[in-house]
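Some notes on the structure that comes next.
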There are 2 protein chains.
Amino acid sequence: MSTPATENRQILLAERPTGPLAPEHFAATTAPVPEPGPGEVLCRTILLSIDPANRAWMQGRTYRDQIGSGEVMSGFALAEVVAGDGPAPGTVVLIDGGWQEYAVVPAAEARVVTPRGPLNHQLSVLGITGLTAYFGLVEVARPQAGETVLVSAAAGATGSVVVQLARTLGCRVVGIAGSDAKLAFLREELGADAAVSHRSPTLREDLKAACPDGVDVYFDNVGGPLLSHALTRMNVHGRIACCGVVSAYDRADPEPGPRAVPGTVVVKRLRMEGFLLDDFAARWPEAEARLAAWVASGDVRVFEDVYDGLDRAPAALIGLLAGDNVGKRIVRVGPDPA
Amino acid sequence: MSTPATENRQILLAERPTGPLAPEHFAATTAPVPEPGPGEVLCRTILLSIDPANRAWMQGRTYRDQIGSGEVMSGFALAEVVAGDGPAPGTVVLIDGGWQEYAVVPAAEARVVTPRGPLNHQLSVLGITGLTAYFGLVEVARPQAGETVLVSAAAGATGSVVVQLARTLGCRVVGIAGSDAKLAFLREELGADAAVSHRSPTLREDLKAACPDGVDVYFDNVGGPLLSHALTRMNVHGRIACCGVVSAYDRADPEPGPRAVPGTVVVKRLRMEGFLLDDFAARWPEAEARLAAWVASGDVRVFEDVYDGLDRAPAALIGLLAGDNVGKRIVRVGPDPA
């Protein structure tokens with residue numbers, strides 16, 4: 001446990017963005033360290049998970065309430081229990097604690113984490129990101145060995161795990177990303193069979209060439225025009241795991257919807273299915289064990305992109321939305337437990 | 001068996017339509033009655049199934065080749081085997097025989113039909129239409145008793161069976177149709193709990209009022225703007241059975257895609273799934289038996305809309321695309337087997 005503190009540094013969402021997220025939408029402030037009430041625990045934040053969904057939560061009600069202006073910015077975090085009516089002090093928990101050094105949360109919502117290896121892995125490959133990749137690919141899309149799996153935002157946090165899982169499951173894997181460095185990363189570090197730039201002027205032809213046998217599974221992190229491209233390449237009885245819509249989160253003007261829906265969905269008998277990690281909560285331990293085994297065997301490598309200091313959280317999220325990350329973006333707020 | 005004929009009246013697709021289908025796109029002609037080769041059967045057409053998909057087949061390659069200009073118009077038919085290397089003469093078969101009095105088809109593609117009651121039921125409730133409704137609802141959408149099922153083109157061939165099946169399975173059923181007569185039909189004849197006009201200027205509010213607990217299953221026959229409306233009403237973990245896109249078949253200009261795809265699909269964890277009856281071929285007998293039992297018990301009533309004479313097939317299809325049918329549209333080409 002760390003030294004007792006009385007001040008709680010926080011990052012607020014000062015103003016809801018209507019277009020691209022910028023530093024002026026945030027404000028740093030200081031509040032007293034809160035006191036846990038009955039059934040609550042006080043937690044000290046260690047690592048913040050920076051996710052595209054953070055931006056979606058500013059846009060309106062999703063599967064959770066919209067973040068209000070002047071509220072502490074929302075986000076998942078690994079934290080250490082300090083006091084209160086729950087797990088013993090020193091226990092590491094995953095909480096919906098927000099961008100602050102200390103958070104009080106209901107004890108029932110503090111998920112006890114049993115670290116396997118470095119604590120940061122519990123936010124990346126063994127945490128939110130890896131589990132999202134696992135359930136979306138293995139349970140929603142259900143690829144068979146030999147099938148072609150196409151992944152958007154493939155160098156990102158979730159995508160980089162999906163690419164490696166699909167390769168490990170014996171699939172042909174094609175990753176989509178937006179820079180030469182990321183395309184090289186996909187091929188050389190993640191073992192993708194092919195990599196395609198979504199900025200290519202010949203994107204349509206590039207995808208066709210990269211997927212000569214069509215696409216059986218599309219793991220969609222972005223939505224937008226790429227989804228339309230993927231729909232034209234899908235094979236009969238293909239599956240699209242709808243994980244996120246990064247293309248839509250950071251803009252004021254909604255893009256047109258995919259014209260191929262529902263026509264192509266009927267003709268090719270496609271299944272498009274959205275999912276959230278929370279729906280699989282009962283099965284996290286099983287998935288974590290499989291992921292840990294793949295990490296131990298070297299089949300799945302861990303790529304993290306860690307910013308140091310709570311004050312850098314806004315820059316970490318703004319950059320993430322611009323696609324400047326490779327692997328899982330994390331902000332370290334405080335030290336690991338002693 | 002009927003008197004041997006030497007002439008075969010046919011309706012050709014004279015010209016592929018680029019906009020709404022019209023009589024001038026068809027031409028009547030006469031050819032010699034064809035001779036079956038090895039492994040083929042000659043069949044005499046009894047009843048033609050008139051389906052919205054017939055129009056989709058003119059637009060381009062779907063799950064089958066596009067119909068070419070000057071070719072016999074494609075369509076499913078109940079027919080009687082006359083001669084050849086297959087089922088005995090007099091056997092009733094379901095064939096992909098086209099709009100003509102006589103067709104030669106591969107014997108392997110002539111599906112033997114065992115009529116239960118009137119032969120026409122084998123095209124409607126116990127045939128293509130009823131089976132499509134059954135598999136789309138029961139196997140793809142999988143509604144639970146007490147859930148709300150929304151059905152578009154609900155007074156049409158497939159929709160009218162879906163409404164009755166969903167009601168029989170204990171669901172709250174809301175049908176969408178385009179005329180006062182059809183709305184009355186939905187409520188009074190099919191037992192829908194509510195009926196909504198897609199032409200209503202207050203469609204959004206009407207749907208909300210008709211589905212106070214949201215929509216768990218949307219059986220989509222039409223695509224287009226109605227799909228977007230349905231997406232806004234879907235409940236978490238809702239399912240959309242994508243059966244057809246009637247709104248798109250008979251027009252030159254594609255409509256915009258649904259903006260809510262994939263954002264709402266993710267947030268609500270929806271499953272959108274396309275299907276074709278052929279994918280369930282092995283299970284037709286089981287479904288037919290269940291449907292026949294519901295017909296016998298009166299839970300499912302049969303609504304057919306029969307045109308008499310091959311020459312009326314173009315008008316039957318053109319009218320169907322304009323939505324002038326209630327129940328299953330059929331064209332009688334010849335008499336039932338003696």
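All residue names refer to the structure tokens as shown: chains lettered A, B, ... in order, residues numbered from 1 in each chain, ligands numbered from 1 in order.
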Please report as a list in words which residues of chain A come no farther than 6 Å from chain B, using only C-alpha atoms.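 Putting it all together, I get Thr62, Tyr63, Cys242, Pro256, Gly257, Pro258, Arg259, Val265, Val266, Val267, Arg269, Leu270, Arg271, Met272, Glu273, Gly274 and Phe275 of chain A.
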Once you have the residues from the selection above, write them out as a CSV table (one decimal), in the first residue's frame, restricted to all heavy atoms.
chain,number,residue,atom,x,y,z
A,62,THR,N,-25.1,5.0,-24.7
A,62,THR,CA,-24.8,3.7,-25.4
A,62,THR,C,-25.3,2.6,-24.6
A,62,THR,O,-26.5,2.6,-24.3
A,62,THR,CB,-23.2,3.6,-25.6
A,62,THR,OG1,-22.6,3.7,-24.4
A,62,THR,CG2,-22.7,4.6,-26.6
A,63,TYR,N,-24.4,1.7,-24.1
A,63,TYR,CA,-24.8,0.7,-23.2
A,63,TYR,C,-24.6,1.2,-21.8
A,63,TYR,O,-24.7,0.5,-20.8
A,63,TYR,CB,-24.0,-0.6,-23.4
A,63,TYR,CG,-22.5,-0.4,-23.7
A,63,TYR,CD1,-21.6,-0.3,-22.6
A,63,TYR,CD2,-22.1,-0.1,-24.9
A,63,TYR,CE1,-20.3,0.0,-22.8
A,63,TYR,CE2,-20.7,0.1,-25.2
A,63,TYR,CZ,-19.9,0.2,-24.1
A,63,TYR,OH,-18.5,0.5,-24.3
A,242,CYS,N,-19.1,-7.6,-35.0
A,242,CYS,CA,-19.2,-6.1,-34.9
A,242,CYS,C,-18.7,-5.7,-33.5
A,242,CYS,O,-19.4,-5.8,-32.5
A,242,CYS,CB,-20.6,-5.6,-35.1
A,242,CYS,SG,-21.3,-6.0,-36.7
A,256,PRO,N,-22.6,7.7,-44.3
A,256,PRO,CA,-23.7,6.9,-44.8
A,256,PRO,C,-23.6,5.5,-44.4
A,256,PRO,O,-22.5,5.0,-44.1
A,256,PRO,CB,-23.5,6.9,-46.4
A,256,PRO,CG,-22.5,8.0,-46.6
A,256,PRO,CD,-21.7,8.2,-45.4
A,257,GLY,N,-24.7,4.8,-44.3
A,257,GLY,CA,-24.6,3.4,-43.9
A,257,GLY,C,-24.2,2.5,-45.1
A,257,GLY,O,-24.2,2.9,-46.2
A,258,PRO,N,-23.9,1.2,-44.8
A,258,PRO,CA,-23.5,0.3,-45.9
A,258,PRO,C,-24.7,-0.1,-46.7
A,258,PRO,O,-25.6,-0.7,-46.3
A,258,PRO,CB,-22.9,-0.9,-45.1
A,258,PRO,CG,-23.5,-0.8,-43.7
A,258,PRO,CD,-23.9,0.6,-43.5
A,259,ARG,N,-24.6,0.3,-48.0
A,259,ARG,CA,-25.7,0.0,-49.0
A,259,ARG,C,-26.0,-1.5,-49.1
A,259,ARG,O,-27.0,-1.9,-49.5
A,259,ARG,CB,-25.3,0.5,-50.4
A,259,ARG,CG,-25.5,2.0,-50.5
A,259,ARG,CD,-26.4,2.3,-51.7
A,259,ARG,NE,-26.8,3.7,-51.6
A,259,ARG,CZ,-26.2,4.7,-52.2
A,259,ARG,NH1,-25.1,4.5,-53.0
A,259,ARG,NH2,-26.6,6.0,-52.1
A,265,VAL,N,-26.5,-9.3,-47.2
A,265,VAL,CA,-26.6,-10.2,-46.0
A,265,VAL,C,-27.6,-11.3,-46.4
A,265,VAL,O,-27.4,-12.5,-45.9
A,265,VAL,CB,-27.2,-9.3,-44.8
A,265,VAL,CG1,-27.5,-10.2,-43.6
A,265,VAL,CG2,-26.2,-8.3,-44.4
A,266,VAL,N,-28.6,-11.0,-47.1
A,266,VAL,CA,-29.5,-12.1,-47.6
A,266,VAL,C,-28.9,-13.0,-48.6
A,266,VAL,O,-28.8,-14.2,-48.4
A,266,VAL,CB,-30.8,-11.5,-48.2
A,266,VAL,CG1,-31.7,-12.6,-48.7
A,266,VAL,CG2,-31.5,-10.6,-47.2
A,267,VAL,N,-28.4,-12.4,-49.7
A,267,VAL,CA,-27.8,-13.2,-50.8
A,267,VAL,C,-26.7,-14.1,-50.3
A,267,VAL,O,-26.6,-15.3,-50.7
A,267,VAL,CB,-27.4,-12.3,-51.9
A,267,VAL,CG1,-26.6,-13.0,-52.9
A,267,VAL,CG2,-28.6,-11.6,-52.6
A,269,ARG,N,-26.2,-14.9,-47.1
A,269,ARG,CA,-26.6,-15.5,-45.8
A,269,ARG,C,-25.5,-15.2,-44.8
A,269,ARG,O,-24.9,-16.1,-44.2
A,269,ARG,CB,-26.7,-17.1,-46.0
A,269,ARG,CG,-27.9,-17.4,-46.8
A,269,ARG,CD,-27.6,-17.5,-48.3
A,269,ARG,NE,-27.4,-18.9,-48.7
A,269,ARG,CZ,-26.9,-19.3,-49.8
A,269,ARG,NH1,-26.5,-18.3,-50.7
A,269,ARG,NH2,-26.7,-20.5,-50.0
A,270,LEU,N,-25.2,-13.9,-44.6
A,270,LEU,CA,-24.2,-13.5,-43.6
A,270,LEU,C,-24.9,-13.4,-42.3
A,270,LEU,O,-26.1,-13.2,-42.1
A,270,LEU,CB,-23.7,-12.1,-44.0
A,270,LEU,CG,-23.0,-12.1,-45.4
A,270,LEU,CD1,-22.5,-10.6,-45.7
A,270,LEU,CD2,-21.9,-13.1,-45.6
A,271,ARG,N,-24.0,-13.5,-41.3
A,271,ARG,CA,-24.4,-13.2,-39.9
A,271,ARG,C,-23.6,-12.0,-39.4
A,271,ARG,O,-22.3,-12.1,-39.4
A,271,ARG,CB,-24.2,-14.4,-39.0
A,271,ARG,CG,-24.5,-14.1,-37.5
A,271,ARG,CD,-24.6,-15.4,-36.7
A,271,ARG,NE,-23.5,-16.3,-36.8
A,271,ARG,CZ,-22.4,-16.3,-36.1
A,271,ARG,NH1,-22.3,-15.3,-35.1
A,271,ARG,NH2,-21.4,-17.1,-36.2
A,272,MET,N,-24.2,-10.9,-39.1
A,272,MET,CA,-23.5,-9.7,-38.5
A,272,MET,C,-23.9,-9.7,-37.0
A,272,MET,O,-25.1,-9.7,-36.7
A,272,MET,CB,-24.0,-8.4,-39.1
A,272,MET,CG,-23.7,-8.3,-40.6
A,272,MET,SD,-24.1,-6.6,-41.1
A,272,MET,CE,-22.8,-5.6,-40.3
A,273,GLU,N,-23.0,-9.7,-36.1
A,273,GLU,CA,-23.4,-9.8,-34.7
A,273,GLU,C,-22.5,-8.9,-33.9
A,273,GLU,O,-21.3,-8.9,-33.9
A,273,GLU,CB,-23.3,-11.3,-34.2
A,273,GLU,CG,-23.9,-11.5,-32.9
A,273,GLU,CD,-24.2,-13.0,-32.6
A,273,GLU,OE1,-24.2,-13.8,-33.6
A,273,GLU,OE2,-24.5,-13.3,-31.5
A,274,GLY,N,-23.2,-8.0,-33.1
A,274,GLY,CA,-22.5,-7.2,-32.2
A,274,GLY,C,-22.3,-7.9,-30.8
A,274,GLY,O,-23.1,-8.8,-30.5
A,275,PHE,N,-21.3,-7.4,-30.1
A,275,PHE,CA,-21.1,-8.1,-28.8
A,275,PHE,C,-20.4,-7.1,-27.8
A,275,PHE,O,-19.8,-6.1,-28.3
A,275,PHE,CB,-20.3,-9.3,-28.9
A,275,PHE,CG,-18.8,-9.1,-29.3
A,275,PHE,CD1,-17.8,-9.1,-28.4
A,275,PHE,CD2,-18.5,-8.8,-30.7
A,275,PHE,CE1,-16.5,-8.8,-28.8
A,275,PHE,CE2,-17.2,-8.5,-31.0
A,275,PHE,CZ,-16.2,-8.5,-30.1
Going by DSSP on the backbone, which residues of segment 86-217 of chain A come out as strand (DSSP E or B)? List them as a PyMOL selection string. chain A and resi 92-95+100+102-106+111-112+148-151+156+172-177+194-197+215-217
Between A:Leu13, A:Val306, A:Leu277, A:Val149, single out the one closest to Gln66 of chain A, counting only C-alpha atoms.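 Answer, going by the shortest atom-to-atom distance: A:Leu13.
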Run DSSP on the backbone and give me the residues of segment 20-113 of chain B it puts in helix (DSSP H, G or I), as a list in words.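 Restricting segment 20-113 of chain B to helix (DSSP H, G or I) produces Pro23, Glu24, His25, Pro52, Ala53, Asn54, Arg55, Ala56, Ala107, Ala108 and Glu109 of chain B.
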Residue selection dump (all heavy atoms) as an mmCIF file, in the first residue's frame:
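Contents of the output file again.cif:
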data_model
loop_
_atom_site.group_PDB
_atom_site.id
_atom_site.type_symbol
_atom_site.label_atom_id
_atom_site.label_comp_id
_atom_site.auth_asym_id
_atom_site.auth_seq_id
_atom_site.Cartn_x
_atom_site.Cartn_y
_atom_site.Cartn_z
ATOM 1 N N PRO B 23 -45.035 -4.320 -68.289
ATOM 2 C CA PRO B 23 -45.408 -5.389 -69.229
ATOM 3 C C PRO B 23 -44.459 -5.510 -70.419
ATOM 4 O O PRO B 23 -44.205 -6.618 -70.905
ATOM 5 C CB PRO B 23 -46.814 -4.984 -69.685
ATOM 6 C CG PRO B 23 -47.357 -4.176 -68.547
ATOM 7 C CD PRO B 23 -46.175 -3.444 -67.967
ATOM 8 N N GLU B 24 -43.908 -4.385 -70.887
ATOM 9 C CA GLU B 24 -43.052 -4.440 -72.087
ATOM 10 C C GLU B 24 -41.727 -5.161 -71.852
ATOM 11 O O GLU B 24 -41.000 -5.438 -72.802
ATOM 12 C CB GLU B 24 -42.783 -3.041 -72.651
ATOM 13 C CG GLU B 24 -42.115 -2.083 -71.699
ATOM 14 C CD GLU B 24 -43.116 -1.192 -70.943
ATOM 15 O OE1 GLU B 24 -44.263 -1.651 -70.718
ATOM 16 O OE2 GLU B 24 -42.734 -0.071 -70.573
ATOM 17 N N HIS B 25 -41.417 -5.463 -70.607
ATOM 18 C CA HIS B 25 -40.190 -6.232 -70.358
ATOM 19 C C HIS B 25 -40.374 -7.726 -70.629
ATOM 20 O O HIS B 25 -39.413 -8.490 -70.571
ATOM 21 C CB HIS B 25 -39.715 -6.019 -68.918
ATOM 22 C CG HIS B 25 -39.335 -4.602 -68.625
ATOM 23 N ND1 HIS B 25 -39.960 -3.830 -67.662
ATOM 24 C CD2 HIS B 25 -38.420 -3.789 -69.216
ATOM 25 C CE1 HIS B 25 -39.427 -2.621 -67.651
ATOM 26 N NE2 HIS B 25 -38.500 -2.564 -68.585
ATOM 27 N N PRO B 52 -41.178 -12.015 -54.876
ATOM 28 C CA PRO B 52 -40.351 -10.808 -55.073
ATOM 29 C C PRO B 52 -38.950 -11.145 -55.568
ATOM 30 O O PRO B 52 -38.365 -10.388 -56.352
ATOM 31 C CB PRO B 52 -40.308 -10.170 -53.683
ATOM 32 C CG PRO B 52 -41.544 -10.647 -52.995
ATOM 33 C CD PRO B 52 -41.789 -12.037 -53.532
ATOM 34 N N ALA B 53 -38.434 -12.284 -55.147
ATOM 35 C CA ALA B 53 -37.084 -12.659 -55.582
ATOM 36 C C ALA B 53 -36.986 -12.767 -57.100
ATOM 37 O O ALA B 53 -35.913 -12.537 -57.674
ATOM 38 C CB ALA B 53 -36.667 -13.976 -54.935
ATOM 39 N N ASN B 54 -38.089 -13.080 -57.764
ATOM 40 C CA ASN B 54 -38.063 -13.161 -59.225
ATOM 41 C C ASN B 54 -37.517 -11.858 -59.826
ATOM 42 O O ASN B 54 -36.783 -11.868 -60.813
ATOM 43 C CB ASN B 54 -39.478 -13.390 -59.798
ATOM 44 C CG ASN B 54 -40.160 -14.671 -59.330
ATOM 45 O OD1 ASN B 54 -41.392 -14.762 -59.338
ATOM 46 N ND2 ASN B 54 -39.386 -15.652 -58.892
ATOM 47 N N ARG B 55 -37.903 -10.753 -59.212
ATOM 48 C CA ARG B 55 -37.437 -9.445 -59.704
ATOM 49 C C ARG B 55 -35.955 -9.242 -59.373
ATOM 50 O O ARG B 55 -35.197 -8.702 -60.195
ATOM 51 C CB ARG B 55 -38.297 -8.340 -59.075
ATOM 52 C CG ARG B 55 -37.878 -6.915 -59.406
ATOM 53 C CD ARG B 55 -38.062 -6.585 -60.888
ATOM 54 N NE ARG B 55 -37.622 -5.221 -61.193
ATOM 55 C CZ ARG B 55 -36.356 -4.894 -61.478
ATOM 56 N NH1 ARG B 55 -35.431 -5.827 -61.488
ATOM 57 N NH2 ARG B 55 -36.042 -3.648 -61.752
ATOM 58 N N ALA B 56 -35.538 -9.707 -58.178
ATOM 59 C CA ALA B 56 -34.126 -9.563 -57.788
ATOM 60 C C ALA B 56 -33.214 -10.310 -58.754
ATOM 61 O O ALA B 56 -32.100 -9.861 -59.041
ATOM 62 C CB ALA B 56 -33.913 -10.073 -56.367
ATOM 63 N N ALA B 107 -33.290 -34.526 -63.348
ATOM 64 C CA ALA B 107 -34.141 -35.292 -62.433
ATOM 65 C C ALA B 107 -33.743 -35.053 -60.981
ATOM 66 O O ALA B 107 -34.585 -34.993 -60.085
ATOM 67 C CB ALA B 107 -34.054 -36.786 -62.765
ATOM 68 N N ALA B 108 -32.434 -34.854 -60.759
ATOM 69 C CA ALA B 108 -31.947 -34.653 -59.389
ATOM 70 C C ALA B 108 -32.464 -33.355 -58.791
ATOM 71 O O ALA B 108 -32.461 -33.174 -57.578
ATOM 72 C CB ALA B 108 -30.422 -34.652 -59.373
ATOM 73 N N GLU B 109 -32.898 -32.433 -59.648
ATOM 74 C CA GLU B 109 -33.383 -31.145 -59.148
ATOM 75 C C GLU B 109 -34.904 -31.069 -59.092
ATOM 76 O O GLU B 109 -35.467 -30.018 -58.791
ATOM 77 C CB GLU B 109 -32.821 -30.006 -60.005
ATOM 78 C CG GLU B 109 -31.310 -29.900 -59.881
ATOM 79 C CD GLU B 109 -30.696 -28.869 -60.827
ATOM 80 O OE1 GLU B 109 -31.443 -28.034 -61.379
ATOM 81 O OE2 GLU B 109 -29.466 -28.922 -61.023
#
Determine the nearest neighbour of Glu40 of chain A from the options A:Ala83, A:Met234, A:Cys171, A:Ala133, counting only C-alpha atoms.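 Once distances to Glu40 of chain A are computed over only C-alpha atoms, the minimum belongs to A:Ala83.
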Would you mind listing what lies within 12 Å of Val138 of chain B as a ChimeraX atom specification, with only C-alpha atoms counted and same-chain residues fewer than 6 positions away left out? /B:130-132,144-145,149,161-162,165-166,168-169,171,217,219,239,241,280,287,290-291
Would you export the selected residues with N, CA, C and O atoms as a short mmCIF file (atom, residue, chain, number, x, y, z; two decimals), in the first residue's frame, please?
data_model
loop_
_atom_site.label_atom_id
_atom_site.label_comp_id
_atom_site.auth_asym_id
_atom_site.auth_seq_id
_atom_site.Cartn_x
_atom_site.Cartn_y
_atom_site.Cartn_z
N GLY B 130 -44.23 -20.81 -46.82
CA GLY B 130 -44.39 -21.22 -45.43
C GLY B 130 -43.08 -21.69 -44.82
O GLY B 130 -42.76 -21.40 -43.66
N LEU B 131 -42.30 -22.40 -45.62
CA LEU B 131 -41.01 -22.90 -45.13
C LEU B 131 -40.04 -21.75 -44.88
O LEU B 131 -39.27 -21.76 -43.92
N THR B 132 -40.08 -20.75 -45.77
CA THR B 132 -39.23 -19.57 -45.57
C THR B 132 -39.62 -18.87 -44.26
O THR B 132 -38.75 -18.49 -43.46
N GLN B 144 -38.77 -16.05 -28.29
CA GLN B 144 -39.31 -16.70 -27.10
C GLN B 144 -40.73 -16.19 -26.86
O GLN B 144 -41.05 -15.06 -27.21
N ALA B 145 -41.53 -17.03 -26.24
CA ALA B 145 -42.89 -16.60 -25.89
C ALA B 145 -42.79 -15.32 -25.07
O ALA B 145 -41.92 -15.19 -24.20
N VAL B 149 -42.40 -9.48 -31.76
CA VAL B 149 -41.92 -9.77 -33.11
C VAL B 149 -42.53 -8.75 -34.06
O VAL B 149 -43.75 -8.61 -34.12
N VAL B 161 -47.59 -15.57 -43.02
CA VAL B 161 -47.33 -16.80 -42.26
C VAL B 161 -46.50 -16.48 -41.02
O VAL B 161 -46.76 -17.01 -39.93
N VAL B 162 -45.52 -15.59 -41.16
CA VAL B 162 -44.68 -15.22 -40.01
C VAL B 162 -45.55 -14.67 -38.88
O VAL B 162 -45.39 -15.05 -37.71
N LEU B 165 -47.36 -17.55 -37.24
CA LEU B 165 -46.46 -18.43 -36.49
C LEU B 165 -46.02 -17.76 -35.19
O LEU B 165 -46.01 -18.39 -34.13
N ALA B 166 -45.67 -16.49 -35.27
CA ALA B 166 -45.19 -15.78 -34.08
C ALA B 166 -46.30 -15.71 -33.03
O ALA B 166 -46.05 -15.90 -31.84
N THR B 168 -48.74 -17.85 -32.75
CA THR B 168 -48.92 -19.22 -32.25
C THR B 168 -47.83 -19.59 -31.25
O THR B 168 -48.07 -20.37 -30.32
N LEU B 169 -46.64 -19.01 -31.43
CA LEU B 169 -45.53 -19.29 -30.51
C LEU B 169 -45.61 -18.43 -29.24
O LEU B 169 -44.70 -18.46 -28.41
N CYS B 171 -45.89 -15.00 -29.01
CA CYS B 171 -45.25 -13.68 -29.05
C CYS B 171 -46.30 -12.58 -29.23
O CYS B 171 -47.40 -12.83 -29.70
N VAL B 217 -37.50 -9.30 -32.06
CA VAL B 217 -37.24 -9.93 -33.35
C VAL B 217 -37.84 -9.06 -34.44
O VAL B 217 -39.01 -8.67 -34.36
N PHE B 219 -38.51 -9.42 -38.40
CA PHE B 219 -38.48 -10.27 -39.59
C PHE B 219 -38.56 -9.34 -40.78
O PHE B 219 -39.61 -8.77 -41.07
N ARG B 239 -32.79 -9.79 -32.53
CA ARG B 239 -32.38 -10.51 -33.73
C ARG B 239 -33.16 -10.02 -34.94
O ARG B 239 -34.37 -9.81 -34.85
N ALA B 241 -33.99 -11.18 -38.72
CA ALA B 241 -33.92 -12.20 -39.76
C ALA B 241 -34.05 -11.48 -41.10
O ALA B 241 -35.09 -10.89 -41.39
N PHE B 280 -31.74 -24.97 -45.74
CA PHE B 280 -32.43 -25.83 -44.77
C PHE B 280 -33.08 -27.04 -45.44
O PHE B 280 -33.95 -27.68 -44.84
N ALA B 287 -40.25 -29.33 -41.00
CA ALA B 287 -40.96 -28.05 -40.93
C ALA B 287 -42.34 -28.17 -41.55
O ALA B 287 -43.32 -27.62 -41.04
N ARG B 290 -44.75 -29.68 -39.14
CA ARG B 290 -45.21 -28.74 -38.09
C ARG B 290 -46.22 -27.75 -38.67
O ARG B 290 -47.24 -27.45 -38.05
N LEU B 291 -45.91 -27.25 -39.86
CA LEU B 291 -46.82 -26.29 -40.49
C LEU B 291 -48.17 -26.95 -40.78
O LEU B 291 -49.23 -26.35 -40.54
#
Quick one, how far is atom CA of Ala77 of chain B from atom CA of Gly97 of chain B?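 Straight-line distance from atom CA of Ala77 of chain B to atom CA of Gly97 of chain B works out to 6.1 Å.
Using only C-alpha atoms, the contacts of Leu126 of chain B at a cut-off of 9 Å, with sequence neighbours closer than 5 positions omitted, comprise Pro115, Arg116, Asn120, His121, Leu131, Ala287, Glu288, Ala289, Leu291 and Ala292 of chain B.
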Tell me which protein, DNA and RNA residues are within 9 Å of Ala194 of chain A, counting only C-alpha atoms, leaving out same-chain ones fewer than 2 positions away, and put them as a PDB file with N, CA and C atoms, in the first residue's frame.
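New file result_28.pdb:
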ATOM      1  N   ARG A 172      -6.075 -18.107 -42.365  1.00  0.00           N
ATOM      2  CA  ARG A 172      -5.346 -17.109 -43.144  1.00  0.00           C
ATOM      3  C   ARG A 172      -5.819 -15.755 -42.623  1.00  0.00           C
ATOM      4  N   VAL A 173      -4.876 -14.868 -42.269  1.00  0.00           N
ATOM      5  CA  VAL A 173      -5.241 -13.611 -41.623  1.00  0.00           C
ATOM      6  C   VAL A 173      -4.789 -12.421 -42.454  1.00  0.00           C
ATOM      7  N   VAL A 174      -5.711 -11.508 -42.703  1.00  0.00           N
ATOM      8  CA  VAL A 174      -5.414 -10.287 -43.434  1.00  0.00           C
ATOM      9  C   VAL A 174      -5.755  -9.110 -42.524  1.00  0.00           C
ATOM     10  N   GLY A 175      -4.766  -8.263 -42.286  1.00  0.00           N
ATOM     11  CA  GLY A 175      -4.971  -7.116 -41.413  1.00  0.00           C
ATOM     12  C   GLY A 175      -5.074  -5.828 -42.205  1.00  0.00           C
ATOM     13  N   ILE A 176      -5.898  -4.911 -41.720  1.00  0.00           N
ATOM     14  CA  ILE A 176      -6.034  -3.590 -42.337  1.00  0.00           C
ATOM     15  C   ILE A 176      -5.524  -2.558 -41.335  1.00  0.00           C
ATOM     16  N   LEU A 183       1.646  -1.631 -41.295  1.00  0.00           N
ATOM     17  CA  LEU A 183       1.542  -2.764 -42.222  1.00  0.00           C
ATOM     18  C   LEU A 183       2.735  -3.705 -42.027  1.00  0.00           C
ATOM     19  N   LEU A 186       2.186  -5.640 -38.855  1.00  0.00           N
ATOM     20  CA  LEU A 186       1.218  -6.728 -39.044  1.00  0.00           C
ATOM     21  C   LEU A 186       1.886  -7.957 -39.638  1.00  0.00           C
ATOM     22  N   ARG A 187       2.693  -7.732 -40.657  1.00  0.00           N
ATOM     23  CA  ARG A 187       3.315  -8.872 -41.342  1.00  0.00           C
ATOM     24  C   ARG A 187       4.453  -9.463 -40.524  1.00  0.00           C
ATOM     25  N   GLY A 191       2.529 -11.741 -37.694  1.00  0.00           N
ATOM     26  CA  GLY A 191       2.391 -12.935 -38.526  1.00  0.00           C
ATOM     27  C   GLY A 191       1.177 -12.930 -39.438  1.00  0.00           C
ATOM     28  N   ALA A 192       0.664 -11.735 -39.777  1.00  0.00           N
ATOM     29  CA  ALA A 192      -0.453 -11.679 -40.730  1.00  0.00           C
ATOM     30  C   ALA A 192       0.019 -12.189 -42.093  1.00  0.00           C
ATOM     31  N   VAL A 196      -3.153  -4.690 -45.588  1.00  0.00           N
ATOM     32  CA  VAL A 196      -3.725  -3.770 -46.565  1.00  0.00           C
ATOM     33  C   VAL A 196      -3.907  -2.408 -45.893  1.00  0.00           C
ATOM     34  N   ALA A 210      -5.543  -9.538 -51.590  1.00  0.00           N
ATOM     35  CA  ALA A 210      -5.107 -10.085 -50.296  1.00  0.00           C
ATOM     36  C   ALA A 210      -6.002 -11.229 -49.832  1.00  0.00           C
ATOM     37  N   CYS A 211      -7.204 -11.312 -50.395  1.00  0.00           N
ATOM     38  CA  CYS A 211      -8.179 -12.333 -49.985  1.00  0.00           C
ATOM     39  C   CYS A 211      -8.631 -13.106 -51.219  1.00  0.00           C
TER      40      CYS A 211
END
Would you mind reading off the distance between atom CA of His229 of chain B and atom CA of Leu137 of chain B, one decimal, in Å?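 Those two atoms sit 19.7 Å apart.
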If we count only C-alpha atoms and set the cut-off at 7 Å, which residues sit around segment 308-315 of chain B, ignoring sequence neighbours fewer than 2 positions away in its own chain? Please answer as a list in words. Pro23, Phe26, Val306, Leu317, Ile318, Gly319, Val331, Arg332 and Val333 of chain B
